[in-house]
Every structure is written in structure tokens, then in C-alpha cells.
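Pasting entry_23.csv here (CSV, N, CA and C atoms):
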```csv
chain,number,residue,atom,x,y,z
F,1,MET,N,-27.5,-6.2,-8.2
F,1,MET,CA,-26.4,-5.2,-8.0
F,1,MET,C,-25.6,-5.7,-6.8
F,2,ARG,N,-24.3,-5.5,-6.9
F,2,ARG,CA,-23.4,-5.9,-5.9
F,2,ARG,C,-23.4,-4.9,-4.7
F,3,THR,N,-23.4,-5.5,-3.5
F,3,THR,CA,-23.3,-4.6,-2.3
F,3,THR,C,-21.9,-4.1,-2.1
F,4,LEU,N,-21.8,-2.8,-1.8
F,4,LEU,CA,-20.5,-2.2,-1.6
F,4,LEU,C,-20.1,-2.6,-0.2
F,5,VAL,N,-18.8,-2.9,-0.1
F,5,VAL,CA,-18.2,-3.3,1.2
F,5,VAL,C,-17.2,-2.3,1.6
F,6,GLU,N,-17.2,-1.9,2.9
F,6,GLU,CA,-16.2,-1.0,3.4
F,6,GLU,C,-14.8,-1.6,3.5
F,7,PRO,N,-13.7,-0.9,3.1
F,7,PRO,CA,-12.4,-1.5,3.2
F,7,PRO,C,-12.1,-1.8,4.7
F,8,PRO,N,-11.2,-2.7,5.0
F,8,PRO,CA,-10.8,-3.0,6.4
F,8,PRO,C,-10.2,-1.8,7.0
F,9,PRO,N,-10.2,-1.7,8.4
F,9,PRO,CA,-9.7,-0.6,9.1
F,9,PRO,C,-8.2,-0.4,8.8
F,10,SER,N,-7.4,-1.4,8.5
F,10,SER,CA,-6.0,-1.2,8.2
F,10,SER,C,-5.8,-0.5,6.9
F,11,SER,N,-6.8,-0.3,6.0
F,11,SER,CA,-6.6,0.4,4.8
F,11,SER,C,-7.3,1.8,4.9
F,12,ARG,N,-7.3,2.3,6.1
F,12,ARG,CA,-7.9,3.6,6.4
F,12,ARG,C,-6.8,4.6,7.0
F,13,CYS,N,-6.9,5.8,6.6
F,13,CYS,CA,-6.0,6.9,7.1
F,13,CYS,C,-6.2,7.1,8.6
F,14,ASP,N,-5.0,7.1,9.3
F,14,ASP,CA,-5.1,7.3,10.8
F,14,ASP,C,-5.6,8.8,11.1
F,15,LEU,N,-5.3,9.7,10.2
F,15,LEU,CA,-5.7,11.1,10.4
F,15,LEU,C,-7.1,11.4,10.2
F,16,CYS,N,-7.7,11.0,9.0
F,16,CYS,CA,-9.0,11.4,8.7
F,16,CYS,C,-10.0,10.2,8.5
F,17,GLY,N,-9.5,9.0,8.4
F,17,GLY,CA,-10.3,7.8,8.2
F,17,GLY,C,-10.6,7.6,6.7
F,18,GLY,N,-10.0,8.3,5.8
F,18,GLY,CA,-10.2,8.1,4.3
F,18,GLY,C,-9.5,6.8,3.9
F,19,GLU,N,-9.9,6.4,2.7
F,19,GLU,CA,-9.4,5.2,2.1
F,19,GLU,C,-7.9,5.3,1.6
F,20,LEU,N,-7.1,4.4,2.0
F,20,LEU,CA,-5.7,4.4,1.5
F,20,LEU,C,-5.6,3.6,0.2
F,21,ARG,N,-4.9,4.2,-0.7
F,21,ARG,CA,-4.6,3.5,-2.0
F,21,ARG,C,-3.1,3.4,-2.3
F,22,LEU,N,-2.7,2.3,-2.8
F,22,LEU,CA,-1.3,2.1,-3.1
F,22,LEU,C,-0.8,3.1,-4.2
F,23,LYS,N,0.3,3.8,-3.8
F,23,LYS,CA,0.9,4.7,-4.8
F,23,LYS,C,2.1,4.2,-5.4
F,24,GLN,N,3.0,3.5,-4.6
F,24,GLN,CA,4.3,3.1,-5.2
F,24,GLN,C,4.9,2.0,-4.3
F,25,ILE,N,5.7,1.2,-4.9
F,25,ILE,CA,6.5,0.2,-4.2
F,25,ILE,C,7.9,0.4,-4.6
F,26,GLU,N,8.8,0.5,-3.6
F,26,GLU,CA,10.2,0.7,-3.9
F,26,GLU,C,11.0,-0.2,-2.9
F,27,SER,N,12.2,-0.5,-3.4
F,27,SER,CA,13.1,-1.4,-2.6
F,27,SER,C,13.6,-0.6,-1.4
F,28,ALA,N,13.5,-1.3,-0.2
F,28,ALA,CA,13.9,-0.6,1.0
F,28,ALA,C,15.3,-1.2,1.4
F,29,ASN,N,15.5,-2.5,1.3
F,29,ASN,CA,16.7,-3.1,1.6
F,29,ASN,C,16.9,-4.4,0.9
F,30,ARG,N,17.7,-4.4,-0.1
F,30,ARG,CA,17.9,-5.6,-1.0
F,30,ARG,C,18.5,-6.8,-0.2
F,31,THR,N,19.4,-6.5,0.7
F,31,THR,CA,20.0,-7.6,1.5
F,31,THR,C,19.0,-8.3,2.3
F,32,LEU,N,18.1,-7.6,3.0
F,32,LEU,CA,17.0,-8.2,3.8
F,32,LEU,C,15.7,-8.5,3.0
F,33,ASP,N,15.7,-8.2,1.7
F,33,ASP,CA,14.6,-8.4,0.8
F,33,ASP,C,13.3,-7.7,1.3
F,34,LEU,N,13.5,-6.4,1.6
F,34,LEU,CA,12.4,-5.6,2.1
F,34,LEU,C,12.0,-4.6,1.1
F,35,ASP,N,10.6,-4.3,1.0
F,35,ASP,CA,10.1,-3.2,0.2
F,35,ASP,C,9.4,-2.2,1.0
F,36,ASN,N,9.4,-1.0,0.5
F,36,ASN,CA,8.5,0.1,1.1
F,36,ASN,C,7.3,0.2,0.2
F,37,GLU,N,6.1,0.1,0.8
F,37,GLU,CA,4.9,0.3,0.1
F,37,GLU,C,4.3,1.7,0.6
F,38,ILE,N,4.1,2.6,-0.4
F,38,ILE,CA,3.7,3.9,-0.1
F,38,ILE,C,2.2,4.0,-0.5
F,39,PHE,N,1.4,4.4,0.5
F,39,PHE,CA,0.0,4.6,0.3
F,39,PHE,C,-0.4,6.0,0.4
F,40,ILE,N,-1.5,6.5,-0.2
F,40,ILE,CA,-1.9,7.8,-0.2
F,40,ILE,C,-3.4,7.8,0.1
F,41,CYS,N,-3.8,8.8,1.0
F,41,CYS,CA,-5.2,8.9,1.4
F,41,CYS,C,-6.0,9.6,0.3
F,42,ILE,N,-7.1,9.1,-0.2
F,42,ILE,CA,-7.8,9.8,-1.2
F,42,ILE,C,-8.6,11.0,-0.7
F,43,LYS,N,-8.8,11.0,0.6
F,43,LYS,CA,-9.6,12.1,1.2
F,43,LYS,C,-8.7,13.3,1.6
F,44,CYS,N,-7.5,13.1,2.3
F,44,CYS,CA,-6.7,14.3,2.7
F,44,CYS,C,-5.4,14.3,2.0
F,45,GLY,N,-5.0,13.3,1.3
F,45,GLY,CA,-3.7,13.3,0.5
F,45,GLY,C,-2.5,13.0,1.3
F,46,ARG,N,-2.7,12.6,2.6
F,46,ARG,CA,-1.5,12.2,3.4
F,46,ARG,C,-0.9,10.9,2.9
F,47,GLU,N,0.4,10.9,2.9
F,47,GLU,CA,1.1,9.6,2.5
F,47,GLU,C,1.5,8.8,3.7
F,48,GLN,N,1.5,7.5,3.6
F,48,GLN,CA,1.9,6.6,4.7
F,48,GLN,C,2.7,5.5,4.1
F,49,ALA,N,3.9,5.2,4.7
F,49,ALA,CA,4.7,4.1,4.2
F,49,ALA,C,4.8,3.0,5.1
F,50,CYS,N,4.8,1.8,4.6
F,50,CYS,CA,5.0,0.5,5.4
F,50,CYS,C,6.1,-0.3,4.8
F,51,THR,N,7.0,-0.8,5.6
F,51,THR,CA,8.0,-1.7,5.2
F,51,THR,C,7.6,-3.1,5.3
F,52,VAL,N,7.6,-3.9,4.2
F,52,VAL,CA,7.2,-5.2,4.2
F,52,VAL,C,8.2,-6.2,3.5
F,53,SER,N,8.1,-7.4,3.9
F,53,SER,CA,8.9,-8.4,3.3
F,53,SER,C,8.5,-8.7,1.8
F,54,HIS,N,9.5,-8.7,0.9
F,54,HIS,CA,9.2,-8.9,-0.5
F,54,HIS,C,8.6,-10.3,-0.8
F,55,ASP,N,7.5,-10.4,-1.5
F,55,ASP,CA,6.9,-11.7,-1.8
F,55,ASP,C,7.3,-12.1,-3.2
F,56,HIS,N,8.1,-13.2,-3.3
F,56,HIS,CA,8.7,-13.6,-4.6
F,56,HIS,C,7.6,-14.4,-5.4
F,57,SER,N,6.5,-14.7,-4.9
F,57,SER,CA,5.5,-15.4,-5.7
F,57,SER,C,4.6,-14.5,-6.5
F,58,LEU,N,4.7,-13.1,-6.2
F,58,LEU,CA,4.0,-12.2,-7.0
F,58,LEU,C,4.9,-11.6,-8.1
F,59,PRO,N,4.3,-11.2,-9.3
F,59,PRO,CA,5.2,-10.6,-10.3
F,59,PRO,C,5.6,-9.2,-9.9
F,60,SER,N,6.7,-8.8,-10.4
F,60,SER,CA,7.2,-7.4,-10.2
F,60,SER,C,6.2,-6.4,-10.8
F,61,PRO,N,6.0,-5.3,-10.2
F,61,PRO,CA,5.1,-4.3,-10.8
F,61,PRO,C,5.7,-3.7,-12.1
F,62,LYS,N,7.0,-3.8,-12.2
F,62,LYS,CA,7.6,-3.3,-13.4
F,62,LYS,C,7.4,-4.2,-14.6
F,63,ALA,N,7.1,-5.5,-14.3
F,63,ALA,CA,6.8,-6.5,-15.4
F,63,ALA,C,5.5,-6.3,-16.0
F,64,ALA,N,4.6,-5.6,-15.3
F,64,ALA,CA,3.2,-5.5,-15.9
F,64,ALA,C,3.1,-4.5,-17.0
```
Translate the structure described by the file into C-alpha cells.
Amino acid sequence: MRTLVEPPPSSRCDLCGGELRLKQIESANRTLDLDNEIFICIKCGREQACTVSHDHSLPSPKAA
């Protein structure tokens, strides 16, 4: 049986410590090639957004 591993601290909610899961990716600024990644805590439901540089080597989520 595989040992369960705790997610890294960066994927934890700042409020309650629950696990953050990716909810949505949306374009933040097409000129600067930035995306907003929206995460939601599975424990308290709090949403958290991060602005990141778009990675062209990954397929678009809409293509899947």
C-alpha cells in the first residue's frame, strides 16, 4: 500500500490549514501573458487567487 504524503505548505489554506485545490484558471493580462489561478480550500471553502506567468509548454485547460 502506498504511503500518504501531506501536501506542501504552499498548498494549504492560510486561514484553517486545509488543502487547497485548483478551481479555475482565467486570463489576468494577455499583454503580459499572466493567468489567475483560483484555489478553494476543501475544509473552509475560502477562495485564494494567485497571479502567475502563463506556461506555453502546457496544454490549455480548454483543450482537454
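As for atom C of Ser27 of chain F and atom N of Cys41 of chain F, they are spaced 19.9 Å apart.
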May I ask for the distance between atom C of Leu34 of chain F and atom N of Leu22 of chain F, given in Å to one decimal place?
16.7 Å
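Distance check against Lys23 of chain F using only C-alpha atoms: of F:Glu37, F:Ile42, F:Ser53, F:Ser10, the minimum falls on F:Glu37.
With only C-alpha atoms as the atoms that count, the residue of F:Asn36, F:Ser11, F:Asn29, F:Cys16 with the shortest distance to Val52 of chain F is F:Asn36.
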Suppose you want the space between atom CA of Cys50 of chain F and atom C of Ile38 of chain F; what is it in Å?
7.4 Å
Write out as a PDB file with N, CA and C atoms, in the coordinates of the input which residues come within 12 Å of Leu20 of chain F when counting only C-alpha atoms, dropping same-chain ones fewer than 6 positions away.
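Below you can see selection.pdb, which holds the result:
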```pdb
ATOM      1  N   GLU F   6     -17.200  -1.900   2.900  1.00  0.00           N
ATOM      2  CA  GLU F   6     -16.200  -1.000   3.400  1.00  0.00           C
ATOM      3  C   GLU F   6     -14.800  -1.600   3.500  1.00  0.00           C
ATOM      4  N   PRO F   7     -13.700  -0.900   3.100  1.00  0.00           N
ATOM      5  CA  PRO F   7     -12.400  -1.500   3.200  1.00  0.00           C
ATOM      6  C   PRO F   7     -12.100  -1.800   4.700  1.00  0.00           C
ATOM      7  N   PRO F   8     -11.200  -2.700   5.000  1.00  0.00           N
ATOM      8  CA  PRO F   8     -10.800  -3.000   6.400  1.00  0.00           C
ATOM      9  C   PRO F   8     -10.200  -1.800   7.000  1.00  0.00           C
ATOM     10  N   PRO F   9     -10.200  -1.700   8.400  1.00  0.00           N
ATOM     11  CA  PRO F   9      -9.700  -0.600   9.100  1.00  0.00           C
ATOM     12  C   PRO F   9      -8.200  -0.400   8.800  1.00  0.00           C
ATOM     13  N   SER F  10      -7.400  -1.400   8.500  1.00  0.00           N
ATOM     14  CA  SER F  10      -6.000  -1.200   8.200  1.00  0.00           C
ATOM     15  C   SER F  10      -5.800  -0.500   6.900  1.00  0.00           C
ATOM     16  N   SER F  11      -6.800  -0.300   6.000  1.00  0.00           N
ATOM     17  CA  SER F  11      -6.600   0.400   4.800  1.00  0.00           C
ATOM     18  C   SER F  11      -7.300   1.800   4.900  1.00  0.00           C
ATOM     19  N   ARG F  12      -7.300   2.300   6.100  1.00  0.00           N
ATOM     20  CA  ARG F  12      -7.900   3.600   6.400  1.00  0.00           C
ATOM     21  C   ARG F  12      -6.800   4.600   7.000  1.00  0.00           C
ATOM     22  N   CYS F  13      -6.900   5.800   6.600  1.00  0.00           N
ATOM     23  CA  CYS F  13      -6.000   6.900   7.100  1.00  0.00           C
ATOM     24  C   CYS F  13      -6.200   7.100   8.600  1.00  0.00           C
ATOM     25  N   ASP F  14      -5.000   7.100   9.300  1.00  0.00           N
ATOM     26  CA  ASP F  14      -5.100   7.300  10.800  1.00  0.00           C
ATOM     27  C   ASP F  14      -5.600   8.800  11.100  1.00  0.00           C
ATOM     28  N   GLU F  37       6.100   0.100   0.800  1.00  0.00           N
ATOM     29  CA  GLU F  37       4.900   0.300   0.100  1.00  0.00           C
ATOM     30  C   GLU F  37       4.300   1.700   0.600  1.00  0.00           C
ATOM     31  N   ILE F  38       4.100   2.600  -0.400  1.00  0.00           N
ATOM     32  CA  ILE F  38       3.700   3.900  -0.100  1.00  0.00           C
ATOM     33  C   ILE F  38       2.200   4.000  -0.500  1.00  0.00           C
ATOM     34  N   PHE F  39       1.400   4.400   0.500  1.00  0.00           N
ATOM     35  CA  PHE F  39       0.000   4.600   0.300  1.00  0.00           C
ATOM     36  C   PHE F  39      -0.400   6.000   0.400  1.00  0.00           C
ATOM     37  N   ILE F  40      -1.500   6.500  -0.200  1.00  0.00           N
ATOM     38  CA  ILE F  40      -1.900   7.800  -0.200  1.00  0.00           C
ATOM     39  C   ILE F  40      -3.400   7.800   0.100  1.00  0.00           C
ATOM     40  N   CYS F  41      -3.800   8.800   1.000  1.00  0.00           N
ATOM     41  CA  CYS F  41      -5.200   8.900   1.400  1.00  0.00           C
ATOM     42  C   CYS F  41      -6.000   9.600   0.300  1.00  0.00           C
ATOM     43  N   ILE F  42      -7.100   9.100  -0.200  1.00  0.00           N
ATOM     44  CA  ILE F  42      -7.800   9.800  -1.200  1.00  0.00           C
ATOM     45  C   ILE F  42      -8.600  11.000  -0.700  1.00  0.00           C
ATOM     46  N   LYS F  43      -8.800  11.000   0.600  1.00  0.00           N
ATOM     47  CA  LYS F  43      -9.600  12.100   1.200  1.00  0.00           C
ATOM     48  C   LYS F  43      -8.700  13.300   1.600  1.00  0.00           C
ATOM     49  N   CYS F  44      -7.500  13.100   2.300  1.00  0.00           N
ATOM     50  CA  CYS F  44      -6.700  14.300   2.700  1.00  0.00           C
ATOM     51  C   CYS F  44      -5.400  14.300   2.000  1.00  0.00           C
ATOM     52  N   GLY F  45      -5.000  13.300   1.300  1.00  0.00           N
ATOM     53  CA  GLY F  45      -3.700  13.300   0.500  1.00  0.00           C
ATOM     54  C   GLY F  45      -2.500  13.000   1.300  1.00  0.00           C
ATOM     55  N   ARG F  46      -2.700  12.600   2.600  1.00  0.00           N
ATOM     56  CA  ARG F  46      -1.500  12.200   3.400  1.00  0.00           C
ATOM     57  C   ARG F  46      -0.900  10.900   2.900  1.00  0.00           C
ATOM     58  N   GLU F  47       0.400  10.900   2.900  1.00  0.00           N
ATOM     59  CA  GLU F  47       1.100   9.600   2.500  1.00  0.00           C
ATOM     60  C   GLU F  47       1.500   8.800   3.700  1.00  0.00           C
ATOM     61  N   GLN F  48       1.500   7.500   3.600  1.00  0.00           N
ATOM     62  CA  GLN F  48       1.900   6.600   4.700  1.00  0.00           C
ATOM     63  C   GLN F  48       2.700   5.500   4.100  1.00  0.00           C
ATOM     64  N   ALA F  49       3.900   5.200   4.700  1.00  0.00           N
ATOM     65  CA  ALA F  49       4.700   4.100   4.200  1.00  0.00           C
ATOM     66  C   ALA F  49       4.800   3.000   5.100  1.00  0.00           C
TER      67      ALA F  49
END
```
Generate the missing atoms of segment 17-28 of chain F up to all heavy atoms and report them as a short mmCIF file (atom, residue, chain, number, x, y, z; two decimals), in the frame of the given file.
```
data_model
loop_
_atom_site.label_atom_id
_atom_site.label_comp_id
_atom_site.auth_asym_id
_atom_site.auth_seq_id
_atom_site.Cartn_x
_atom_site.Cartn_y
_atom_site.Cartn_z
N GLY F 17 -9.50 9.00 8.40
CA GLY F 17 -10.30 7.80 8.20
C GLY F 17 -10.60 7.60 6.70
O GLY F 17 -11.40 6.66 6.37
N GLY F 18 -10.00 8.30 5.80
CA GLY F 18 -10.20 8.10 4.30
C GLY F 18 -9.50 6.80 3.90
O GLY F 18 -8.70 6.26 4.55
N GLU F 19 -9.90 6.40 2.70
CA GLU F 19 -9.40 5.20 2.10
C GLU F 19 -7.90 5.30 1.60
O GLU F 19 -7.60 6.35 1.01
CB GLU F 19 -10.22 4.73 0.93
CG GLU F 19 -9.77 3.44 0.29
CD GLU F 19 -10.59 3.09 -0.95
OE1 GLU F 19 -11.64 3.70 -1.17
OE2 GLU F 19 -10.13 2.20 -1.69
N LEU F 20 -7.10 4.40 2.00
CA LEU F 20 -5.70 4.40 1.50
C LEU F 20 -5.60 3.60 0.20
O LEU F 20 -6.09 2.51 0.12
CB LEU F 20 -4.74 3.81 2.58
CG LEU F 20 -4.60 4.58 3.88
CD1 LEU F 20 -3.75 3.80 4.86
CD2 LEU F 20 -3.99 5.95 3.64
N ARG F 21 -4.90 4.20 -0.70
CA ARG F 21 -4.60 3.50 -2.00
C ARG F 21 -3.10 3.40 -2.30
O ARG F 21 -2.37 4.33 -1.95
CB ARG F 21 -5.26 4.28 -3.16
CG ARG F 21 -6.77 4.33 -3.00
CD ARG F 21 -7.47 4.18 -4.30
NE ARG F 21 -8.91 4.15 -4.10
CZ ARG F 21 -9.76 4.82 -4.83
NH1 ARG F 21 -9.33 5.58 -5.81
NH2 ARG F 21 -11.05 4.74 -4.61
N LEU F 22 -2.70 2.30 -2.80
CA LEU F 22 -1.30 2.10 -3.10
C LEU F 22 -0.80 3.10 -4.20
O LEU F 22 -1.40 3.18 -5.23
CB LEU F 22 -1.06 0.63 -3.59
CG LEU F 22 0.39 0.23 -3.85
CD1 LEU F 22 1.22 0.29 -2.57
CD2 LEU F 22 0.44 -1.16 -4.44
N LYS F 23 0.30 3.80 -3.80
CA LYS F 23 0.90 4.70 -4.80
C LYS F 23 2.10 4.20 -5.40
O LYS F 23 2.29 4.33 -6.64
CB LYS F 23 1.19 6.02 -4.01
CG LYS F 23 1.87 7.07 -4.85
CD LYS F 23 2.23 8.28 -4.00
CE LYS F 23 3.01 9.29 -4.82
NZ LYS F 23 3.43 10.42 -4.02
N GLN F 24 3.00 3.50 -4.60
CA GLN F 24 4.30 3.10 -5.20
C GLN F 24 4.90 2.00 -4.30
O GLN F 24 4.65 2.01 -3.09
CB GLN F 24 5.20 4.36 -5.17
CG GLN F 24 6.56 4.14 -5.74
CD GLN F 24 7.33 5.46 -5.76
OE1 GLN F 24 6.81 6.52 -5.47
NE2 GLN F 24 8.59 5.37 -6.11
N ILE F 25 5.70 1.20 -4.90
CA ILE F 25 6.50 0.20 -4.20
C ILE F 25 7.90 0.40 -4.60
O ILE F 25 8.23 0.49 -5.77
CB ILE F 25 6.05 -1.27 -4.57
CG1 ILE F 25 4.59 -1.51 -4.20
CG2 ILE F 25 6.95 -2.28 -3.86
CD1 ILE F 25 4.05 -2.85 -4.67
N GLU F 26 8.80 0.50 -3.60
CA GLU F 26 10.20 0.70 -3.90
C GLU F 26 11.00 -0.20 -2.90
O GLU F 26 10.55 -0.56 -1.88
CB GLU F 26 10.61 2.17 -3.72
CG GLU F 26 10.22 2.79 -2.41
CD GLU F 26 10.41 4.29 -2.39
OE1 GLU F 26 10.18 4.97 -3.39
OE2 GLU F 26 10.79 4.78 -1.30
N SER F 27 12.20 -0.50 -3.40
CA SER F 27 13.10 -1.40 -2.60
C SER F 27 13.60 -0.60 -1.40
O SER F 27 14.05 0.49 -1.47
CB SER F 27 14.26 -1.84 -3.45
OG SER F 27 15.10 -2.67 -2.69
N ALA F 28 13.50 -1.30 -0.20
CA ALA F 28 13.90 -0.60 1.00
C ALA F 28 15.30 -1.20 1.40
O ALA F 28 16.16 -0.42 1.83
CB ALA F 28 12.92 -0.92 2.18
#
```
